[in-house]
Amino acid sequence: MAIDEYQQITYDVTGPVATIALNRPERRNGYTVRMADELADAFPRADADDGIRVVVFTGHGSDFCVGADLGGETFADRPTQVGAPADGYREPAGRASLAIFAMNKPVIAAIRGAAVGAGSTIILPADYRFAAKDSRFGYVFTRRGIVPEGASTWFLPRLVGMGTALDWMISGRVFGADEAHAAGLVHRLYDADDVLPAAYELAGELASKTAPVSVAVTRQLLYRMAALGSPFPARDLDSQLIAGASGNADAIEGVMSFLQRRPPEFTGKVSTDLPDYLPWRKDGGAR
């Protein structure tokens, strides 16, 4: 669904960096169906723009997202019949998390304050998660009589291990940034005012020093190959990709810029230069 005007998020582009920000600060960025739809529109929009190299994902106000806005519209389209997913229903958090999963561009989540419920699930597919030292996280679903969403039961154990994922999700307890960092959920901690500048600094480094096609393929290789039962399919695909590197303009530029000790000028475009034989492209990247 294409959206002409965003009401609950903002979408800004500065140079090669797009910023997608939750924008309901008066409700502590409580998650809604409208917000889910807007995020599901904004991330593919950024991914389709070759001028954008990196996305920073954040929230306006003092909190990233306190979870579902239980006093609002979040469950307005919730199905009431068993089997509704077969009729096309997709729960709201998954609309955002799987849009991020499908990205070819790196996503840096910059988190302040509370990131609870949906606020903890939609950040999981991001490539980086930077957080304020006083931020709080929680997979509180069992304490609300529901189950985790956003495909978080797939993402979270891959980030923090099954034992920690079981603890956090079964107990539903809220935990602090230090615990999140120690477990690997958060990459780096900062003072609250430094989180977003740090995200932009990393975004600038990624945009200036990495090749967009290489990043796109590598990002998906990690997600698609790591879950396989053996390394052999990954080795076979690696071999096919490396075999084509000798005639690849970005590969040549990467070597020459290193030898000449100058910044690289990569010309490959995600929209036109991804290899057609990548297995996830054959199914439209949806699964």
# chains A, B, ... in the order shown; residues from 1 in each chain; ligands from 1
call {"tool": "residues_around", "arguments": {"residues": "His60 in chain A", "least_positions_apart": "5", "cutoff": "12 Å", "atoms": "only C-alpha atoms", "output": "number ranges by chain"}}
result
A: 8-11, 19-30, 65, 110-113, 196
call {"tool": "residues_around", "arguments": {"residues": "range 88-98 of chain A", "least_positions_apart": "4", "cutoff": "8 Å", "atoms": "only C-alpha atoms", "output": "VMD selection string"}}
result
chain A and resid 32 to 33 36 to 37 39 to 40 74 78 to 79 84 102 118 121 to 125 149 to 151
call {"tool": "closest_residue", "arguments": {"among": "A:Asp134, A:Asp127, A:Asp47, A:Asp167", "to": "Val195 in chain A", "atoms": "only C-alpha atoms"}}
result
A:Asp134
call {"tool": "select_by_dssp", "arguments": {"residues": "range 162-248 of chain A", "states": "helix (DSSP H, G or I)", "output": "PyMOL selection string"}}
result
chain A and resi 162-171+177-183+192-209+212-225+232-243+245-247
call {"tool": "write_last_selection", "arguments": {"atoms": "C-alpha atoms", "output": "short mmCIF file (atom, residue, chain, number, x, y, z; two decimals), in the first residue's frame"}}
result
data_model
loop_
_atom_site.label_atom_id
_atom_site.label_comp_id
_atom_site.auth_asym_id
_atom_site.auth_seq_id
_atom_site.Cartn_x
_atom_site.Cartn_y
_atom_site.Cartn_z
CA MET A 162 18.27 -19.24 23.26
CA GLY A 163 18.80 -19.11 27.02
CA THR A 164 18.58 -15.33 27.24
CA ALA A 165 15.70 -15.19 24.78
CA LEU A 166 13.78 -17.70 26.92
CA ASP A 167 14.42 -15.68 30.06
CA TRP A 168 13.33 -12.37 28.56
CA MET A 169 10.31 -13.70 26.70
CA ILE A 170 8.95 -16.16 29.25
CA SER A 171 9.28 -13.73 32.18
CA ALA A 177 20.51 -1.08 28.76
CA ASP A 178 23.46 -2.66 30.58
CA GLU A 179 21.83 -6.09 30.45
CA ALA A 180 20.82 -5.58 26.82
CA HIS A 181 24.38 -4.61 25.94
CA ALA A 182 25.97 -7.49 27.83
CA ALA A 183 23.71 -9.99 26.04
CA ALA A 192 21.06 10.02 25.67
CA ASP A 193 22.08 13.12 23.71
CA ASP A 194 24.88 11.23 21.94
CA VAL A 195 22.91 8.28 20.57
CA LEU A 196 21.64 9.91 17.38
CA PRO A 197 24.93 11.70 16.53
CA ALA A 198 26.74 8.38 16.93
CA ALA A 199 24.27 6.72 14.56
CA TYR A 200 24.81 9.43 11.96
CA GLU A 201 28.58 9.16 12.33
CA LEU A 202 28.44 5.44 11.60
CA ALA A 203 25.99 6.03 8.74
CA GLY A 204 28.42 8.47 7.14
CA GLU A 205 31.27 5.97 7.46
CA LEU A 206 29.24 3.17 5.88
CA ALA A 207 28.05 5.44 3.06
CA SER A 208 31.55 6.63 2.20
CA LYS A 209 33.63 3.49 2.64
CA PRO A 212 26.31 -0.69 -1.83
CA VAL A 213 25.96 -3.92 -3.78
CA SER A 214 28.49 -5.69 -1.57
CA VAL A 215 26.64 -4.52 1.53
CA ALA A 216 23.28 -5.65 0.13
CA VAL A 217 24.53 -9.13 -0.70
CA THR A 218 26.48 -9.52 2.54
CA ARG A 219 23.53 -8.43 4.68
CA GLN A 220 21.27 -11.03 3.14
CA LEU A 221 23.95 -13.73 3.07
CA LEU A 222 24.23 -13.45 6.84
CA TYR A 223 20.51 -13.75 7.41
CA ARG A 224 19.77 -16.37 4.75
CA MET A 225 22.82 -18.61 5.12
CA PHE A 232 28.09 -26.14 2.04
CA PRO A 233 25.29 -24.10 0.41
CA ALA A 234 26.94 -20.93 1.70
CA ARG A 235 30.30 -22.06 0.31
CA ASP A 236 28.74 -22.78 -3.09
CA LEU A 237 27.08 -19.38 -3.27
CA ASP A 238 30.26 -17.67 -2.05
CA SER A 239 32.16 -19.41 -4.83
CA GLN A 240 29.72 -18.17 -7.47
CA LEU A 241 29.94 -14.62 -6.15
CA ILE A 242 33.73 -14.59 -5.85
CA ALA A 243 34.15 -16.08 -9.32
CA ALA A 245 34.47 -10.52 -8.82
CA SER A 246 37.26 -10.25 -11.38
CA GLY A 247 34.97 -8.47 -13.83
#
call {"tool": "residues_around", "arguments": {"residues": "Phe175 in chain A", "least_positions_apart": "5", "cutoff": "7 Å", "atoms": "only C-alpha atoms", "output": "ChimeraX atom specification"}}
result
/A:136-138
call {"tool": "write_last_selection", "arguments": {"atoms": "N, CA and C atoms", "output": "mmCIF file, in the first residue's frame"}}
result
data_model
loop_
_atom_site.group_PDB
_atom_site.id
_atom_site.type_symbol
_atom_site.label_atom_id
_atom_site.label_comp_id
_atom_site.auth_asym_id
_atom_site.auth_seq_id
_atom_site.Cartn_x
_atom_site.Cartn_y
_atom_site.Cartn_z
ATOM 1 N N ARG A 136 15.381 1.278 28.252
ATOM 2 C CA ARG A 136 14.799 0.077 28.849
ATOM 3 C C ARG A 136 14.140 -0.754 27.759
ATOM 4 N N PHE A 137 14.217 -2.071 27.921
ATOM 5 C CA PHE A 137 13.700 -3.000 26.936
ATOM 6 C C PHE A 137 12.789 -4.005 27.636
ATOM 7 N N GLY A 138 11.910 -4.630 26.884
ATOM 8 C CA GLY A 138 11.070 -5.649 27.486
ATOM 9 C C GLY A 138 10.182 -6.336 26.463
#
call {"tool": "select_by_dssp", "arguments": {"residues": "range 40-199 of chain A", "states": "strand (DSSP E)", "output": "PyMOL selection string"}}
result
chain A and resi 54-59+107-111+114-116+128-132+136-138+174-176+188-190
call {"tool": "write_last_selection", "arguments": {"atoms": "N, CA and C atoms", "output": "short mmCIF file (atom, residue, chain, number, x, y, z; two decimals), in the first residue's frame"}}
result
data_model
loop_
_atom_site.label_atom_id
_atom_site.label_comp_id
_atom_site.auth_asym_id
_atom_site.auth_seq_id
_atom_site.Cartn_x
_atom_site.Cartn_y
_atom_site.Cartn_z
N VAL A 54 22.15 4.40 3.66
CA VAL A 54 21.97 3.92 5.02
C VAL A 54 20.67 4.52 5.57
N VAL A 55 19.98 3.76 6.42
CA VAL A 55 18.79 4.26 7.10
C VAL A 55 19.05 4.31 8.60
N VAL A 56 18.74 5.45 9.20
CA VAL A 56 18.75 5.58 10.67
C VAL A 56 17.30 5.51 11.12
N PHE A 57 17.02 4.63 12.06
CA PHE A 57 15.67 4.38 12.56
C PHE A 57 15.61 4.82 14.01
N THR A 58 14.75 5.79 14.33
CA THR A 58 14.71 6.34 15.66
C THR A 58 13.29 6.78 16.00
N GLY A 59 13.15 7.53 17.08
CA GLY A 59 11.84 8.03 17.48
C GLY A 59 11.95 9.45 17.98
N VAL A 107 20.58 -0.69 8.31
CA VAL A 107 19.66 0.05 9.17
C VAL A 107 20.30 0.17 10.55
N ILE A 108 20.39 1.40 11.04
CA ILE A 108 20.95 1.66 12.37
C ILE A 108 19.81 2.15 13.26
N ALA A 109 19.49 1.40 14.28
CA ALA A 109 18.46 1.81 15.23
C ALA A 109 19.10 2.65 16.33
N ALA A 110 18.57 3.85 16.55
CA ALA A 110 19.06 4.75 17.60
C ALA A 110 17.95 4.88 18.64
N ILE A 111 18.20 4.35 19.84
CA ILE A 111 17.13 4.13 20.82
C ILE A 111 17.39 4.95 22.07
N ALA A 114 12.23 4.21 26.58
CA ALA A 114 11.61 2.89 26.55
C ALA A 114 11.56 2.32 25.14
N ALA A 115 11.90 1.04 25.03
CA ALA A 115 11.72 0.27 23.79
C ALA A 115 11.12 -1.06 24.23
N VAL A 116 9.82 -1.06 24.42
CA VAL A 116 9.12 -2.18 25.07
C VAL A 116 8.07 -2.75 24.12
N TYR A 128 22.49 -2.49 13.26
CA TYR A 128 23.09 -1.94 14.48
C TYR A 128 21.99 -1.43 15.38
N ARG A 129 22.21 -1.59 16.70
CA ARG A 129 21.30 -1.01 17.69
C ARG A 129 22.14 -0.22 18.68
N PHE A 130 22.04 1.10 18.61
CA PHE A 130 22.70 1.99 19.56
C PHE A 130 21.64 2.44 20.57
N ALA A 131 22.00 2.51 21.84
CA ALA A 131 21.00 2.84 22.85
C ALA A 131 21.57 3.79 23.90
N ALA A 132 20.68 4.57 24.47
CA ALA A 132 21.04 5.41 25.61
C ALA A 132 21.27 4.53 26.83
N ARG A 136 15.38 1.28 28.25
CA ARG A 136 14.80 0.08 28.85
C ARG A 136 14.14 -0.75 27.76
N PHE A 137 14.22 -2.07 27.92
CA PHE A 137 13.70 -3.00 26.94
C PHE A 137 12.79 -4.01 27.64
N GLY A 138 11.91 -4.63 26.88
CA GLY A 138 11.07 -5.65 27.49
C GLY A 138 10.18 -6.34 26.46
N VAL A 174 10.94 -6.25 32.25
CA VAL A 174 11.64 -5.11 31.64
C VAL A 174 13.06 -5.08 32.19
N PHE A 175 14.04 -4.83 31.31
CA PHE A 175 15.44 -4.84 31.72
C PHE A 175 16.15 -3.62 31.14
N GLY A 176 17.28 -3.31 31.72
CA GLY A 176 17.99 -2.09 31.38
C GLY A 176 18.99 -2.25 30.25
N ARG A 188 26.16 -0.73 21.19
CA ARG A 188 26.91 0.31 21.91
C ARG A 188 25.95 1.14 22.74
N LEU A 189 26.48 1.65 23.88
CA LEU A 189 25.71 2.50 24.77
C LEU A 189 26.30 3.91 24.78
N TYR A 190 25.41 4.90 24.88
CA TYR A 190 25.83 6.30 24.87
C TYR A 190 24.97 7.08 25.86
#
call {"tool": "atom_distance", "arguments": {"atom1": "CA of Phe101 in chain A", "atom2": "CA of Trp154 in chain A"}}
result
11.6 Å
call {"tool": "decode", "arguments": {"residues": "range 238-259 of chain A", "atoms": "N, CA and C atoms", "output": "compact mmCIF listing (two decimals), in the first residue's frame"}}
result
# COMPACT_ATOMS: atom_id res chain seq x y z
N ASP A 238 29.06 -18.49 -2.13
CA ASP A 238 30.26 -17.67 -2.05
C ASP A 238 31.13 -17.86 -3.29
N SER A 239 31.30 -19.11 -3.69
CA SER A 239 32.16 -19.41 -4.83
C SER A 239 31.64 -18.75 -6.10
N GLN A 240 30.32 -18.80 -6.29
CA GLN A 240 29.72 -18.17 -7.47
C GLN A 240 29.93 -16.66 -7.44
N LEU A 241 29.77 -16.07 -6.28
CA LEU A 241 29.94 -14.62 -6.15
C LEU A 241 31.39 -14.21 -6.35
N ILE A 242 32.31 -14.94 -5.73
CA ILE A 242 33.73 -14.59 -5.85
C ILE A 242 34.23 -14.80 -7.28
N ALA A 243 33.73 -15.83 -7.94
CA ALA A 243 34.15 -16.08 -9.32
C ALA A 243 33.83 -14.92 -10.24
N GLY A 244 32.76 -14.18 -9.93
CA GLY A 244 32.40 -13.05 -10.76
C GLY A 244 33.07 -11.74 -10.37
N ALA A 245 33.90 -11.77 -9.32
CA ALA A 245 34.47 -10.52 -8.82
C ALA A 245 35.51 -9.92 -9.76
N SER A 246 36.18 -10.77 -10.54
CA SER A 246 37.26 -10.25 -11.38
C SER A 246 36.77 -9.26 -12.42
N GLY A 247 35.52 -9.40 -12.85
CA GLY A 247 34.97 -8.47 -13.83
C GLY A 247 34.05 -7.45 -13.21
N ASN A 248 34.06 -7.35 -11.89
CA ASN A 248 33.14 -6.46 -11.18
C ASN A 248 33.81 -5.11 -10.95
N ALA A 249 33.16 -4.05 -11.42
CA ALA A 249 33.76 -2.71 -11.33
C ALA A 249 34.01 -2.30 -9.89
N ASP A 250 33.09 -2.65 -8.98
CA ASP A 250 33.28 -2.28 -7.58
C ASP A 250 34.45 -3.03 -6.96
N ALA A 251 34.61 -4.29 -7.32
CA ALA A 251 35.74 -5.07 -6.79
C ALA A 251 37.06 -4.48 -7.27
N ILE A 252 37.11 -4.11 -8.54
CA ILE A 252 38.32 -3.49 -9.08
C ILE A 252 38.60 -2.16 -8.38
N GLU A 253 37.55 -1.36 -8.20
CA GLU A 253 37.71 -0.08 -7.52
C GLU A 253 38.14 -0.26 -6.07
N GLY A 254 37.62 -1.27 -5.41
CA GLY A 254 38.00 -1.52 -4.03
C GLY A 254 39.49 -1.81 -3.90
N VAL A 255 40.02 -2.61 -4.80
CA VAL A 255 41.45 -2.93 -4.77
C VAL A 255 42.28 -1.71 -5.14
N MET A 256 41.90 -1.02 -6.22
CA MET A 256 42.68 0.13 -6.68
C MET A 256 42.69 1.26 -5.66
N SER A 257 41.55 1.53 -5.04
CA SER A 257 41.52 2.61 -4.05
C SER A 257 42.39 2.27 -2.85
N PHE A 258 42.45 0.97 -2.49
CA PHE A 258 43.31 0.56 -1.39
C PHE A 258 44.78 0.74 -1.77
N LEU A 259 45.15 0.28 -2.96
CA LEU A 259 46.54 0.39 -3.39
C LEU A 259 46.96 1.84 -3.56
